[in-house]
Amino acid sequence: MEPLADNWQPLQITTPQQLETYWPLAAPHLDRCVSKAQRGEYGLDDLYRMVTEGKAILFVITNDVQGVHPDTDVSLAFIVEPVLYPRLNTINIVALGGRDFSRVQREHWEAFKGWAYMNGARGIEASVGPSMMRILKRWGFEPAYTHARLSLEK
């Protein structure tokens, strides 16, 4: 089989077969997000269940959109969910992880924003820590609120 070209493309995972192919490649990226950036909101199994139940959508940036090459890889994965406020529909980025964030932003961010708009969203939001906020500022995000939490388990 011919080697894969350096041609990374976005792919919305829409079928059980795609999920079976790409989840094992996306999961390590998402697991790093869950274990290092989030604060107990989700486990990797929760994210998988949200996708399989149609409550969230998995996107991957892959070098093989057919998923048939033995060297198929995923450089970045993210899961989004719709948020329907009474006067504003948004897409919430639930989990995001991978490598080549700058390349993905440069090559694919406009297309994702177009997808979100065509699907009824008028904003994209994410709850992130300070380090991810620095990355997302380059993507056009601006702080909207300060999120606070009081743990009742200490």
# chains A, B, ... in the order shown; residues from 1 in each chain; ligands from 1
>>> residues_around(residues="region 61-73 of chain A", least_positions_apart="4", cutoff="7 Å", atoms="only C-alpha atoms", output="PDB file with C-alpha atoms, in the first residue's frame")
ATOM      1  CA  ASP A   6       0.743  14.728   4.404  1.00  0.00           C
ATOM      2  CA  ASN A   7      -2.868  15.737   3.772  1.00  0.00           C
ATOM      3  CA  TRP A   8      -4.767  16.125   7.048  1.00  0.00           C
ATOM      4  CA  GLN A   9      -8.513  16.597   6.716  1.00  0.00           C
ATOM      5  CA  PRO A  10     -11.386  17.120   9.141  1.00  0.00           C
ATOM      6  CA  LEU A  11     -13.935  14.348   9.471  1.00  0.00           C
ATOM      7  CA  THR A  21     -12.219   3.054  13.300  1.00  0.00           C
ATOM      8  CA  LEU A  25      -7.034   6.955  17.534  1.00  0.00           C
ATOM      9  CA  ALA A  77      -9.938  15.211  18.121  1.00  0.00           C
TER      10      ALA A  77
END
>>> select_by_dssp(residues="chain A", states="strand (DSSP E)", output="number ranges by chain")
A: 9-12, 57-62, 74-84, 89-98, 124-126
>>> write_last_selection(atoms="N, CA and C atoms", output="compact mmCIF listing (two decimals), in the first residue's frame")
# COMPACT_ATOMS: atom_id res chain seq x y z
N GLN A 9 -7.18 16.08 7.00
CA GLN A 9 -8.51 16.60 6.72
C GLN A 9 -9.43 16.41 7.91
N PRO A 10 -10.41 17.30 8.07
CA PRO A 10 -11.39 17.12 9.14
C PRO A 10 -12.42 16.08 8.73
N LEU A 11 -12.92 15.36 9.73
CA LEU A 11 -13.94 14.35 9.47
C LEU A 11 -14.91 14.34 10.63
N GLN A 12 -16.18 14.52 10.32
CA GLN A 12 -17.24 14.37 11.31
C GLN A 12 -17.60 12.90 11.36
N ILE A 57 -21.03 15.28 19.22
CA ILE A 57 -20.49 14.94 17.91
C ILE A 57 -18.97 14.91 18.02
N LEU A 58 -18.38 13.86 17.47
CA LEU A 58 -16.92 13.73 17.42
C LEU A 58 -16.41 14.16 16.06
N PHE A 59 -15.39 15.01 16.09
CA PHE A 59 -14.66 15.40 14.89
C PHE A 59 -13.21 14.97 15.07
N VAL A 60 -12.59 14.55 14.00
CA VAL A 60 -11.17 14.24 14.02
C VAL A 60 -10.49 14.94 12.85
N ILE A 61 -9.23 15.21 13.03
CA ILE A 61 -8.37 15.63 11.93
C ILE A 61 -7.51 14.41 11.63
N THR A 62 -7.66 13.88 10.42
CA THR A 62 -7.03 12.61 10.08
C THR A 62 -6.27 12.69 8.76
N VAL A 74 -4.77 10.15 13.70
CA VAL A 74 -5.58 11.31 14.08
C VAL A 74 -4.65 12.28 14.80
N SER A 75 -4.56 13.51 14.31
CA SER A 75 -3.69 14.49 14.96
C SER A 75 -4.44 15.30 16.00
N LEU A 76 -5.74 15.41 15.86
CA LEU A 76 -6.53 16.20 16.80
C LEU A 76 -7.94 15.66 16.81
N ALA A 77 -8.56 15.66 17.98
CA ALA A 77 -9.94 15.21 18.12
C ALA A 77 -10.68 16.18 19.01
N PHE A 78 -11.94 16.41 18.70
CA PHE A 78 -12.75 17.23 19.59
C PHE A 78 -14.20 16.79 19.55
N ILE A 79 -14.85 17.00 20.67
CA ILE A 79 -16.25 16.64 20.83
C ILE A 79 -17.02 17.91 21.15
N VAL A 80 -18.14 18.08 20.44
CA VAL A 80 -18.98 19.25 20.64
C VAL A 80 -20.41 18.82 20.94
N GLU A 81 -21.13 19.69 21.59
CA GLU A 81 -22.55 19.45 21.86
C GLU A 81 -23.32 20.73 21.58
N PRO A 82 -24.56 20.61 21.12
CA PRO A 82 -25.38 21.81 20.93
C PRO A 82 -25.85 22.33 22.29
N VAL A 83 -25.91 23.64 22.40
CA VAL A 83 -26.47 24.29 23.59
C VAL A 83 -27.56 25.24 23.08
N LEU A 84 -28.77 25.02 23.55
CA LEU A 84 -29.91 25.80 23.07
C LEU A 84 -30.39 26.73 24.17
N ASN A 89 -28.41 29.96 20.10
CA ASN A 89 -27.95 28.58 19.93
C ASN A 89 -26.44 28.59 19.75
N THR A 90 -25.76 27.73 20.50
CA THR A 90 -24.31 27.65 20.39
C THR A 90 -23.87 26.20 20.26
N ILE A 91 -22.61 26.05 19.94
CA ILE A 91 -21.93 24.77 19.96
C ILE A 91 -20.91 24.87 21.09
N ASN A 92 -20.98 23.94 22.04
CA ASN A 92 -20.03 23.91 23.15
C ASN A 92 -18.96 22.87 22.86
N ILE A 93 -17.71 23.27 22.95
CA ILE A 93 -16.61 22.32 22.81
C ILE A 93 -16.45 21.64 24.16
N VAL A 94 -16.79 20.36 24.21
CA VAL A 94 -16.76 19.59 25.45
C VAL A 94 -15.35 19.11 25.76
N ALA A 95 -14.65 18.63 24.74
CA ALA A 95 -13.29 18.13 24.91
C ALA A 95 -12.52 18.37 23.62
N LEU A 96 -11.25 18.70 23.77
CA LEU A 96 -10.39 19.00 22.62
C LEU A 96 -8.98 18.55 22.98
N GLY A 97 -8.37 17.78 22.11
CA GLY A 97 -7.01 17.35 22.39
C GLY A 97 -6.30 16.91 21.14
N GLY A 98 -5.00 17.02 21.17
CA GLY A 98 -4.21 16.57 20.04
C GLY A 98 -2.94 17.37 19.89
N ILE A 124 -19.82 29.78 19.31
CA ILE A 124 -19.10 28.59 19.76
C ILE A 124 -18.53 28.93 21.12
N GLU A 125 -18.72 28.03 22.08
CA GLU A 125 -18.26 28.31 23.43
C GLU A 125 -17.46 27.13 23.97
N ALA A 126 -16.71 27.39 25.02
CA ALA A 126 -15.92 26.35 25.68
C ALA A 126 -15.59 26.83 27.08
>>> select_by_dssp(residues="chain A", states="alpha helix (DSSP H)", output="PyMOL selection string")
chain A and resi 16-32+44-52+101-118+130-137
>>> write_last_selection(atoms="C-alpha atoms", output="CSV table (one decimal), in the first residue's frame")
chain,number,residue,atom,x,y,z
A,16,PRO,CA,-20.8,3.3,14.0
A,17,GLN,CA,-18.2,2.0,11.6
A,18,GLN,CA,-16.4,5.4,11.6
A,19,LEU,CA,-16.6,5.5,15.4
A,20,GLU,CA,-15.1,2.0,15.6
A,21,THR,CA,-12.2,3.1,13.3
A,22,TYR,CA,-11.4,6.5,14.7
A,23,TRP,CA,-12.3,6.3,18.4
A,24,PRO,CA,-9.1,4.3,19.3
A,25,LEU,CA,-7.0,7.0,17.5
A,26,ALA,CA,-8.9,9.9,19.1
A,27,ALA,CA,-9.3,8.5,22.6
A,28,PRO,CA,-5.7,9.1,23.7
A,29,HIS,CA,-6.0,12.8,22.7
A,30,LEU,CA,-9.3,13.2,24.5
A,31,ASP,CA,-8.1,11.2,27.5
A,32,ARG,CA,-5.3,13.8,28.0
A,44,LEU,CA,-13.5,9.1,28.6
A,45,ASP,CA,-16.4,6.6,28.8
A,46,ASP,CA,-18.9,9.4,29.3
A,47,LEU,CA,-17.6,11.1,26.1
A,48,TYR,CA,-17.9,7.9,24.2
A,49,ARG,CA,-21.5,7.4,25.4
A,50,MET,CA,-22.5,10.9,24.6
A,51,VAL,CA,-21.3,10.4,21.0
A,52,THR,CA,-23.0,7.0,20.6
A,101,PHE,CA,-3.4,23.2,17.0
A,102,SER,CA,-2.0,26.0,15.0
A,103,ARG,CA,-2.1,24.0,11.7
A,104,VAL,CA,-5.7,22.9,12.5
A,105,GLN,CA,-6.7,26.5,13.2
A,106,ARG,CA,-5.1,27.8,10.1
A,107,GLU,CA,-6.4,25.1,7.7
A,108,HIS,CA,-9.7,24.0,9.1
A,109,TRP,CA,-11.2,26.4,11.7
A,110,GLU,CA,-13.1,28.5,9.1
A,111,ALA,CA,-14.8,25.4,7.7
A,112,PHE,CA,-15.8,24.2,11.2
A,113,LYS,CA,-17.3,27.7,12.0
A,114,GLY,CA,-19.2,27.4,8.7
A,115,TRP,CA,-20.5,23.9,9.7
A,116,ALA,CA,-21.6,25.3,13.1
A,117,TYR,CA,-23.4,28.2,11.5
A,118,MET,CA,-25.2,26.0,8.9
A,130,PRO,CA,-6.0,29.8,31.4
A,131,SER,CA,-3.6,27.8,29.2
A,132,MET,CA,-6.2,26.7,26.7
A,133,MET,CA,-7.7,30.2,26.7
A,134,ARG,CA,-4.4,31.5,25.4
A,135,ILE,CA,-4.7,29.1,22.5
A,136,LEU,CA,-8.4,29.8,21.9
A,137,LYS,CA,-7.8,33.6,21.8
>>> atom_distance(atom1="CA of Leu88 (chain A)", atom2="CA of Tyr42 (chain A)")
24.6 Å
>>> atom_distance(atom1="CA of Ile13 (chain A)", atom2="CA of Lys55 (chain A)")
12.9 Å
>>> atom_distance(atom1="CA of Gly40 (chain A)", atom2="CA of Glu53 (chain A)")
20.6 Å
>>> closest_residue(among="A:Trp139, A:Pro86, A:Ala5, A:Gly129", to="Lys36 (chain A)", atoms="only C-alpha atoms")
A:Gly129
